[in-house]
$ cat protein.tsv   # TSV, C-alpha atoms
chain	number	residue	atom	x	y	z
A	457	MET	CA	0.00	0.00	0.00
A	458	ILE	CA	2.84	2.41	0.85
A	459	LYS	CA	4.53	1.71	-2.49
A	460	PHE	CA	1.23	2.26	-4.29
A	461	CYS	CA	0.71	5.63	-2.56
A	462	LEU	CA	4.22	6.72	-3.48
A	463	LEU	CA	3.58	5.72	-7.08
A	464	VAL	CA	0.36	7.73	-7.16
A	465	LYS	CA	2.18	10.77	-5.78
A	466	GLN	CA	4.87	10.46	-8.45
A	467	VAL	CA	2.30	10.21	-11.22
A	468	LEU	CA	0.44	13.26	-9.90
A	469	LEU	CA	3.70	15.20	-9.67
A	470	LEU	CA	4.69	14.33	-13.23
A	471	THR	CA	1.21	15.16	-14.50
A	472	ALA	CA	1.38	18.59	-12.88
A	473	LEU	CA	4.81	19.21	-14.31
A	474	PHE	CA	3.77	18.10	-17.79
A	475	SER	CA	0.80	20.47	-17.61
A	476	VAL	CA	3.16	23.31	-16.70
A	477	PHE	CA	5.34	22.45	-19.67
A	478	SER	CA	2.36	22.32	-21.99
A	479	SER	CA	1.27	25.82	-21.03
A	480	ALA	CA	4.89	26.96	-21.26
A	481	SER	CA	5.51	25.74	-24.80
A	482	ALA	CA	2.09	25.88	-26.42
A	483	ALA	CA	2.86	29.09	-28.32
A	484	THR	CA	5.67	31.47	-29.06
A	485	PRO	CA	6.43	33.50	-25.90
A	486	SER	CA	4.66	36.87	-26.10
A	487	GLU	CA	7.88	38.84	-25.63
A	488	LEU	CA	9.23	37.37	-28.90
A	489	LYS	CA	6.32	38.53	-31.06
A	490	ASN	CA	7.61	42.11	-31.39
A	491	PHE	CA	11.25	41.22	-30.81
A	492	ASP	CA	13.90	42.33	-33.31
A	493	ASP	CA	16.79	39.93	-33.00
A	494	SER	CA	18.94	42.00	-35.37
A	495	GLU	CA	19.43	44.71	-32.73
A	496	ILE	CA	22.85	45.05	-31.12
A	497	LEU	CA	22.22	45.61	-27.43
A	498	GLN	CA	24.37	46.24	-24.38
A	499	ILE	CA	24.22	43.66	-21.60
A	500	GLU	CA	23.87	44.68	-17.96
A	501	LEU	CA	23.85	41.79	-15.51
A	502	PRO	CA	21.48	41.85	-12.51
A	503	ASP	CA	23.04	43.28	-9.37
A	504	TRP	CA	22.35	40.04	-7.48
A	505	PHE	CA	24.82	38.12	-9.68
A	506	LEU	CA	28.21	37.32	-8.15
A	507	ASP	CA	30.82	40.02	-8.76
A	508	THR	CA	33.45	38.46	-11.05
A	509	SER	CA	35.29	41.68	-11.86
A	510	LEU	CA	38.37	40.93	-9.74
A	511	SER	CA	39.72	37.37	-10.04
A	512	PRO	CA	36.99	34.89	-10.91
A	513	ASN	CA	37.49	31.62	-9.04
A	514	MET	CA	34.80	29.07	-9.85
A	515	GLN	CA	35.97	26.68	-7.14
A	516	GLU	CA	35.69	29.35	-4.44
A	517	TYR	CA	32.26	30.39	-5.71
A	518	LEU	CA	31.07	26.79	-5.50
A	519	GLU	CA	32.52	26.32	-2.01
A	520	ASP	CA	30.82	29.51	-0.81
A	521	ALA	CA	27.49	28.41	-2.28
A	522	LEU	CA	27.68	25.00	-0.61
A	523	ALA	CA	28.71	26.59	2.70
A	524	ALA	CA	25.53	28.69	2.48
A	525	GLY	CA	23.45	25.52	2.12
A	526	LYS	CA	22.87	25.89	-1.62
A	527	LYS	CA	22.92	23.21	-4.30
A	528	GLY	CA	25.58	24.65	-6.58
A	529	LEU	CA	26.27	27.31	-9.20
A	530	ILE	CA	24.46	28.68	-12.23
A	531	VAL	CA	26.54	30.31	-14.96
A	532	ASN	CA	24.91	32.56	-17.55
A	533	TYR	CA	27.07	32.59	-20.69
A	534	GLU	CA	26.48	35.72	-22.73
A	535	THR	CA	28.24	38.17	-24.99
A	536	ASN	CA	27.81	41.91	-25.25
A	537	GLY	CA	25.56	43.00	-28.08
A	538	CYS	CA	23.51	39.78	-27.98
A	539	SER	CA	19.82	40.68	-28.28
A	540	TYR	CA	18.64	37.31	-26.95
A	541	CYS	CA	20.90	37.70	-23.90
A	542	LYS	CA	19.35	41.04	-23.06
A	543	LEU	CA	15.87	39.62	-23.60
A	544	PHE	CA	16.60	36.77	-21.17
A	545	ILE	CA	17.89	39.18	-18.52
A	546	ASP	CA	15.05	41.68	-19.04
A	547	THR	CA	12.24	39.11	-19.00
A	548	THR	CA	13.07	35.76	-17.44
A	549	LEU	CA	15.50	37.08	-14.82
A	550	GLN	CA	13.06	39.83	-13.81
A	551	GLN	CA	10.43	37.38	-12.51
A	552	SER	CA	10.39	37.56	-8.72
A	553	ASP	CA	9.61	33.86	-8.22
A	554	ILE	CA	12.45	32.84	-10.54
A	555	VAL	CA	14.91	35.16	-8.80
A	556	THR	CA	13.82	33.87	-5.40
A	557	SER	CA	14.22	30.24	-6.44
A	558	ILE	CA	17.68	30.91	-7.88
A	559	GLN	CA	18.88	32.80	-4.82
A	560	GLN	CA	17.57	30.14	-2.44
A	561	ASN	CA	19.24	27.27	-4.28
A	562	PHE	CA	22.23	28.62	-6.20
A	563	ASP	CA	24.74	31.40	-6.61
A	564	MET	CA	24.70	32.79	-10.14
A	565	LEU	CA	27.30	34.59	-12.23
A	566	GLY	CA	27.75	35.73	-15.82
A	567	LEU	CA	30.66	35.06	-18.17
A	568	ASP	CA	31.32	36.68	-21.55
A	569	MET	CA	32.12	33.80	-23.87
A	570	PHE	CA	34.73	35.84	-25.79
A	571	SER	CA	36.59	37.22	-22.78
A	572	ASP	CA	40.36	36.69	-22.55
A	573	ASN	CA	40.29	37.22	-18.78
A	574	GLU	CA	41.73	34.36	-16.75
A	575	ILE	CA	39.58	32.37	-14.34
A	576	VAL	CA	40.09	29.40	-12.05
A	577	ASP	CA	37.77	26.71	-13.38
A	578	LEU	CA	35.86	24.10	-11.41
A	579	ASP	CA	38.83	21.71	-11.62
A	580	GLY	CA	41.21	24.30	-10.18
A	581	ASN	CA	42.92	25.07	-13.49
A	582	THR	CA	43.74	28.63	-14.51
A	583	VAL	CA	42.43	29.19	-18.04
A	584	SER	CA	41.06	32.01	-20.14
A	585	THR	CA	37.32	32.52	-19.97
A	586	LYS	CA	36.89	31.67	-23.66
A	587	GLU	CA	38.85	28.42	-23.19
A	588	PHE	CA	36.56	27.48	-20.31
A	589	VAL	CA	33.48	28.38	-22.35
A	590	LYS	CA	34.67	26.22	-25.25
A	591	ALA	CA	35.24	23.29	-22.89
A	592	GLN	CA	31.64	23.64	-21.70
A	593	GLY	CA	30.35	23.20	-25.25
A	594	VAL	CA	28.60	26.57	-25.37
A	595	GLN	CA	27.57	27.39	-28.94
A	596	TYR	CA	24.85	29.99	-28.53
A	597	THR	CA	24.20	32.89	-26.20
A	598	PRO	CA	22.53	33.00	-23.85
A	599	THR	CA	23.30	29.56	-22.47
A	600	VAL	CA	22.63	28.79	-18.81
A	601	ILE	CA	24.43	25.85	-17.19
A	602	PHE	CA	23.61	24.43	-13.76
A	603	TYR	CA	26.53	22.90	-11.82
A	604	GLY	CA	25.98	20.56	-8.87
A	605	ALA	CA	27.81	20.20	-5.57
A	606	ASP	CA	30.62	18.20	-7.23
A	607	GLY	CA	31.18	20.89	-9.83
A	608	LYS	CA	29.77	18.71	-12.60
A	609	ARG	CA	27.21	19.98	-15.08
A	610	VAL	CA	23.69	18.77	-14.31
A	611	PHE	CA	21.67	20.71	-16.90
A	612	LYS	CA	22.35	22.95	-19.88
A	613	ALA	CA	19.71	25.40	-21.12
A	614	GLY	CA	20.98	26.50	-24.53
A	615	GLY	CA	19.43	29.52	-26.20
A	616	TYR	CA	16.69	31.84	-24.99
A	617	TYR	CA	14.40	30.35	-22.31
A	618	ASP	CA	11.21	32.30	-21.64
A	619	PRO	CA	10.02	32.54	-17.99
A	620	ALA	CA	7.65	29.54	-18.19
A	621	ARG	CA	10.24	27.22	-19.70
A	622	PHE	CA	12.97	28.41	-17.33
A	623	ARG	CA	10.68	27.78	-14.33
A	624	LEU	CA	10.37	24.21	-15.50
A	625	ALA	CA	14.16	23.94	-15.85
A	626	LEU	CA	14.59	25.25	-12.31
A	627	ASP	CA	12.06	22.76	-10.95
A	628	TYR	CA	13.77	19.99	-12.90
A	629	VAL	CA	17.16	20.74	-11.32
A	630	VAL	CA	16.10	21.84	-7.83
A	631	GLY	CA	13.93	18.74	-7.44
A	632	GLY	CA	16.80	16.48	-8.50
A	633	HIS	CA	14.68	15.04	-11.32
A	634	TYR	CA	17.67	15.11	-13.69
A	635	GLN	CA	18.94	12.08	-11.77
A	636	GLN	CA	15.99	9.96	-12.93
A	637	ILE	CA	14.60	11.41	-16.17
A	638	SER	CA	15.81	13.56	-19.05
A	639	PHE	CA	14.37	16.99	-19.69
A	640	ARG	CA	13.41	15.73	-23.13
A	641	LYS	CA	11.25	12.98	-21.59
A	642	TRP	CA	9.47	15.54	-19.46
A	643	SER	CA	8.55	17.42	-22.62
A	644	ALA	CA	7.55	14.29	-24.52
A	645	ALA	CA	5.46	12.87	-21.70
A	646	GLN	CA	3.24	15.96	-21.53
A	647	GLN	CA	1.83	14.86	-24.90
A	648	GLN	CA	0.19	11.97	-23.04
A	649	VAL	CA	-1.66	14.46	-20.84
A	650	ASN	CA	-2.73	16.85	-23.60
A	651	LYS	CA	-3.83	14.98	-26.70
A	652	GLN	CA	-3.02	16.83	-29.90
A	653	THR	CA	-4.91	15.97	-33.06
A	654	GLY	CA	-3.98	18.57	-35.68
A	655	GLY	CA	-1.34	17.94	-38.34
A	656	LEU	CA	2.01	19.50	-39.12
A	657	GLU	CA	2.29	22.68	-41.18
A	658	SER	CA	2.93	21.87	-44.84
A	659	ASP	CA	5.34	23.70	-47.16
A	660	PRO	CA	6.62	23.02	-50.70
A	661	LEU	CA	10.17	23.43	-49.37
A	662	PHE	CA	9.90	20.12	-47.54
A	663	GLU	CA	11.10	16.93	-49.18
A	664	LYS	CA	8.63	14.08	-49.40
A	665	PRO	CA	9.19	10.69	-47.72
A	666	PRO	CA	10.71	8.15	-47.65
A	667	TYR	CA	13.66	9.81	-45.92
A	668	VAL	CA	16.98	8.17	-46.74
A	669	LEU	CA	19.35	10.81	-45.38
A	670	ALA	CA	22.55	8.76	-45.21
A	671	ARG	CA	25.69	10.79	-45.94
A	672	ASN	CA	28.23	8.58	-44.20
A	673	ALA	CA	29.39	6.68	-47.29
A	674	PHE	CA	29.07	9.40	-49.94
A	675	PRO	CA	28.72	13.16	-49.40
A	676	ALA	CA	25.53	14.88	-50.54
A	677	ASP	CA	25.33	17.84	-52.90
A	678	GLN	CA	23.70	20.10	-50.31
A	679	PRO	CA	23.68	20.66	-46.56
A	680	LEU	CA	20.67	19.22	-44.74
A	681	MET	CA	18.12	20.93	-42.51
A	682	ILE	CA	15.84	18.81	-40.30
A	683	LEU	CA	12.83	20.60	-38.83
A	684	PHE	CA	11.36	18.74	-35.84
A	685	GLU	CA	7.82	19.82	-34.97
A	686	ARG	CA	4.73	18.61	-33.11
A	687	ASN	CA	1.10	18.29	-34.14
A	688	SER	CA	-1.11	21.26	-33.22
A	689	CYS	CA	1.95	23.29	-32.18
A	690	ASP	CA	1.13	27.01	-32.02
A	691	ALA	CA	4.78	28.00	-31.80
A	692	CYS	CA	5.47	25.93	-34.94
A	693	SER	CA	2.61	27.60	-36.84
A	694	GLU	CA	3.81	31.05	-35.81
A	695	TRP	CA	7.38	30.21	-36.85
A	696	HIS	CA	6.11	29.16	-40.29
A	697	LYS	CA	4.12	32.39	-40.70
A	698	ASP	CA	6.79	34.70	-39.34
A	699	VAL	CA	10.23	33.24	-40.10
A	700	LEU	CA	9.79	30.58	-42.78
A	701	SER	CA	7.68	32.94	-44.89
A	702	ASP	CA	10.60	35.39	-45.18
A	703	SER	CA	11.55	35.55	-48.87
A	704	GLY	CA	15.25	35.92	-48.08
A	705	ILE	CA	15.19	32.83	-45.86
A	706	ARG	CA	13.29	30.83	-48.47
A	707	ASP	CA	15.90	31.77	-51.08
A	708	MET	CA	18.67	30.59	-48.75
A	709	LEU	CA	16.86	27.31	-48.08
A	710	GLU	CA	16.91	26.52	-51.80
A	711	GLN	CA	20.55	25.58	-51.15
A	712	PHE	CA	19.50	22.96	-48.57
A	713	GLN	CA	17.78	19.62	-48.50
A	714	VAL	CA	14.90	20.39	-46.11
A	715	VAL	CA	13.03	17.68	-44.21
A	716	GLN	CA	10.17	18.11	-41.74
A	717	LEU	CA	9.62	15.45	-39.06
A	718	ASP	CA	7.03	14.91	-36.34
A	719	MET	CA	9.01	14.49	-33.13
A	720	ASN	CA	6.24	12.25	-31.73
A	721	ASP	CA	6.09	9.95	-34.77
A	722	ALA	CA	7.13	6.52	-33.51
A	723	VAL	CA	5.98	4.66	-36.64
A	724	SER	CA	7.61	6.14	-39.75
A	725	LYS	CA	11.01	4.73	-40.64
A	726	LEU	CA	13.96	6.81	-41.82
A	727	VAL	CA	17.69	6.55	-42.34
A	728	LYS	CA	19.70	9.17	-40.45
A	729	PRO	CA	22.74	10.99	-41.88
A	730	ASP	CA	25.03	8.50	-40.11
A	731	GLY	CA	23.38	5.63	-42.02
A	732	LYS	CA	21.51	4.21	-39.01
A	733	SER	CA	17.79	3.44	-39.11
A	734	SER	CA	15.41	5.18	-36.72
A	735	THR	CA	12.02	6.82	-36.34
A	736	PRO	CA	11.46	10.57	-35.81
A	737	SER	CA	10.45	9.92	-32.20
A	738	GLN	CA	13.52	7.79	-31.45
A	739	TRP	CA	15.81	10.33	-33.09
A	740	SER	CA	14.34	13.31	-31.23
A	741	GLU	CA	14.60	11.40	-27.94
A	742	GLU	CA	18.21	10.48	-28.71
A	743	LEU	CA	18.92	14.20	-29.20
A	744	GLU	CA	16.83	15.09	-26.09
A	745	LEU	CA	14.92	17.77	-28.00
A	746	SER	CA	12.55	19.62	-25.71
A	747	TYR	CA	11.33	22.53	-27.83
A	748	ALA	CA	9.21	22.65	-30.96
A	749	PRO	CA	10.17	23.68	-33.54
A	750	SER	CA	13.76	22.40	-33.21
A	751	ILE	CA	16.24	22.62	-36.09
A	752	LEU	CA	19.23	20.44	-36.98
A	753	LEU	CA	21.77	21.53	-39.59
A	754	PHE	CA	24.11	18.94	-41.12
A	755	ASP	CA	26.94	19.44	-43.58
A	756	GLU	CA	27.31	17.47	-46.83
A	757	HIS	CA	29.15	14.69	-44.99
A	758	GLY	CA	26.39	14.22	-42.42
A	759	LYS	CA	28.12	15.93	-39.49
A	760	LEU	CA	25.74	17.79	-37.18
A	761	ARG	CA	26.94	21.39	-37.15
A	762	GLN	CA	24.08	23.13	-35.33
A	763	LEU	CA	21.32	21.99	-33.00
A	764	ILE	CA	18.75	24.71	-32.30
A	765	ASP	CA	16.45	23.56	-29.50
A	766	PHE	CA	15.08	27.00	-28.61
A	767	PRO	CA	13.22	29.92	-30.25
A	768	VAL	CA	15.08	31.36	-33.22
A	769	LEU	CA	13.92	34.33	-35.29
A	770	HIS	CA	14.97	36.00	-38.56
A	771	GLN	CA	18.47	37.30	-37.90
A	772	ARG	CA	19.80	34.32	-35.96
A	773	PHE	CA	18.26	31.82	-38.38
A	774	LYS	CA	19.70	33.63	-41.41
A	775	ARG	CA	23.11	33.63	-39.75
A	776	SER	CA	22.75	29.92	-38.98
A	777	LEU	CA	22.05	29.17	-42.63
A	778	LEU	CA	24.91	31.42	-43.73
A	779	TYR	CA	27.23	29.61	-41.31
A	780	MET	CA	26.44	26.44	-43.24
A	781	THR	CA	26.56	27.78	-46.81
A	782	GLU	CA	29.85	29.60	-46.18
A	783	LYS	CA	31.17	26.48	-44.42
A	784	ALA	CA	32.47	28.61	-41.58
A	785	TYR	CA	32.81	25.47	-39.47
A	786	ALA	CA	35.70	24.43	-41.76
A	787	ARG	CA	37.65	27.33	-40.24
A	788	GLY	CA	37.15	25.78	-36.82
A	789	ILE	CA	34.94	28.58	-35.51
A	790	THR	CA	31.66	28.27	-33.67
A	791	TYR	CA	28.39	29.79	-34.81
A	792	GLN	CA	28.69	32.49	-32.13
A	793	ARG	CA	32.17	33.47	-33.31
A	794	PHE	CA	30.86	33.57	-36.88
A	795	THR	CA	27.93	35.82	-35.97
A	796	ARG	CA	30.34	38.09	-34.07
A	797	GLU	CA	32.37	38.47	-37.28
A	798	LYS	CA	29.22	39.26	-39.26
A	799	THR	CA	28.14	41.83	-36.69
A	800	ALA	CA	31.54	43.52	-36.91
A	801	GLU	CA	31.22	43.61	-40.72
A	802	ARG	CA	27.74	45.10	-40.41
A	803	LEU	CA	28.92	47.83	-38.02
A	804	GLN	CA	31.80	48.63	-40.37
A	805	ARG	CA	29.41	49.03	-43.32
A	806	GLU	CA	27.06	51.23	-41.29
A	807	ALA	CA	29.99	53.40	-40.18
A	808	GLU	CA	31.19	53.80	-43.76
A	809	GLN	CA	27.68	54.69	-44.97
A	810	SER	CA	27.19	57.29	-42.25
A	811	SER	CA	30.53	58.93	-43.10
A	812	HIS	CA	29.46	59.64	-46.70

$ encode --input "protein.tsv" --output "structure tokens"
Amino acid sequence: MIKFCLLVKQVLLLTALFSVFSSASAATPSELKNFDDSEILQIELPDWFLDTSLSPNMQEYLEDALAAGKKGLIVNYETNGCSYCKLFIDTTLQQSDIVTSIQQNFDMLGLDMFSDNEIVDLDGNTVSTKEFVKAQGVQYTPTVIFYGADGKRVFKAGGYYDPARFRLALDYVVGGHYQQISFRKWSAAQQQVNKQTGGLESDPLFEKPPYVLARNAFPADQPLMILFERNSCDACSEWHKDVLSDSGIRDMLEQFQVVQLDMNDAVSKLVKPDGKSSTPSQWSEELELSYAPSILLFDEHGKLRQLIDFPVLHQRFKRSLLYMTEKAYARGITYQRFTREKTAERLQREAEQSSH
């Protein structure tokens, strides 16, 4: 009887959490609807962040947090000028309940991913900030990483997280649920609570099945874009109407093989770029995708170059496509370094135009 009661409690807890996720991801966050992601904006961190201006020592920060009875550290990876970083700070990190939960359970600090300043990392090594950031696998800003009491990463929130989705991430980590279940499975399981019956958005850009996407033996002629969506997904519909309808983006996508998949489809068979067989559901679970629409970008040889599991609008998506068509990855640079170069070029052009 005791075991049965515990099981019931767990089911009720998961159901509540899945309902929260459903309301969090049902549509594009309202703050994104009038958001211009081409703006170059200055970042000002909240005053309750740790002061890292002197000699950042991640080990000392973690020790201080644990001594205060907290669970670990949160690091917000950003870069100055990043519009999504400012949006995250000005929306998500302005919610009183989110701030309270963070301060009760973690100490939080910000790091500029391109900084040359030296820090002491969580292993006690003295490295440059950008070396540490690279070791953490940060590709996009903002990225928020939660570190546990042992200094190990327990959850990575890549890209912009709106308040509702970040609340869920906080609950996921604070409750220790990452020890039993992936964040992806939380998102997938909510579909069992809220039945969705509508179909996916259609578009002539999308290739028709069957999907034999193998590129492991012979390279393809074009890079590959995989668009993972869900049935009756408001955020997906809005992305189609707002971003995918952009004539410039559609012209760029003519250079890609474009495939749309239902991330909950456990029946249809496909062959992935690595030559292995799968279904859309198995593949999305393997990748732990938790946002719809999610975008994968592969090069001609089938190497995954970008995984976008968060909201992406015009400017960032265009830059992502350009990163692929210019093969910037062949120079060994990340997407964020590439977009920094493009921003510098844009500012140079604007300066030259204003001088005439």

$ residues_around --input "protein.tsv" --residues "Arg623 of chain A" --least-positions-apart "4" --cutoff "7 Å" --atoms "only C-alpha atoms" --output "PyMOL selection string"
chain A and resi 554+619+627

$ residues_around --input "protein.tsv" --residues "Tyr616 of chain A" --least-positions-apart "2" --cutoff "7 Å" --atoms "only C-alpha atoms" --output "list in words"
Tyr540, Phe544, Pro598, Gly614, Asp618, Phe766 and Pro767 of chain A

$ residues_around --input "protein.tsv" --residues "Pro749 of chain A" --least-positions-apart "5" --cutoff "8 Å" --atoms "all atoms listed in the file" --output "list in words"
Leu683, Phe684, Glu685, Arg686, Ala691, Cys692, Trp695, Asp765, Phe766 and Pro767 of chain A

$ residues_around --input "protein.tsv" --residues "Pro660 of chain A" --least-positions-apart "5" --cutoff "12 Å" --atoms "all atoms listed in the file" --output "VMD selection string"
chain A and resid 700 to 701 706 709 to 710 713 to 716

$ residues_around --input "protein.tsv" --residues "Asp606 of chain A" --least-positions-apart "5" --cutoff "9 Å" --atoms "all atoms listed in the file" --output "PDB file with C-alpha atoms, in the frame of the given file"
ATOM      1  CA  LEU A 518      31.070  26.790  -5.500  1.00  0.00           C
ATOM      2  CA  GLY A 528      25.580  24.650  -6.580  1.00  0.00           C
ATOM      3  CA  LEU A 578      35.860  24.100 -11.410  1.00  0.00           C
TER       4      LEU A 578
END

$ closest_residue --input "protein.tsv" --among "A:Ser552, A:Ser494, A:Ile530, A:Ile558" --to "Thr599 of chain A" --atoms "all atoms listed in the file"
A:Ile530

$ atom_distance --input "protein.tsv" --atom1 "atom CA of Leu506 of chain A" --atom2 "atom CA of Glu487 of chain A"
26.9 Å

$ closest_residue --input "protein.tsv" --among "A:Tyr667, A:Tyr617, A:Phe674, A:Tyr779" --to "Lys725 of chain A" --atoms "only C-alpha atoms"
A:Tyr667
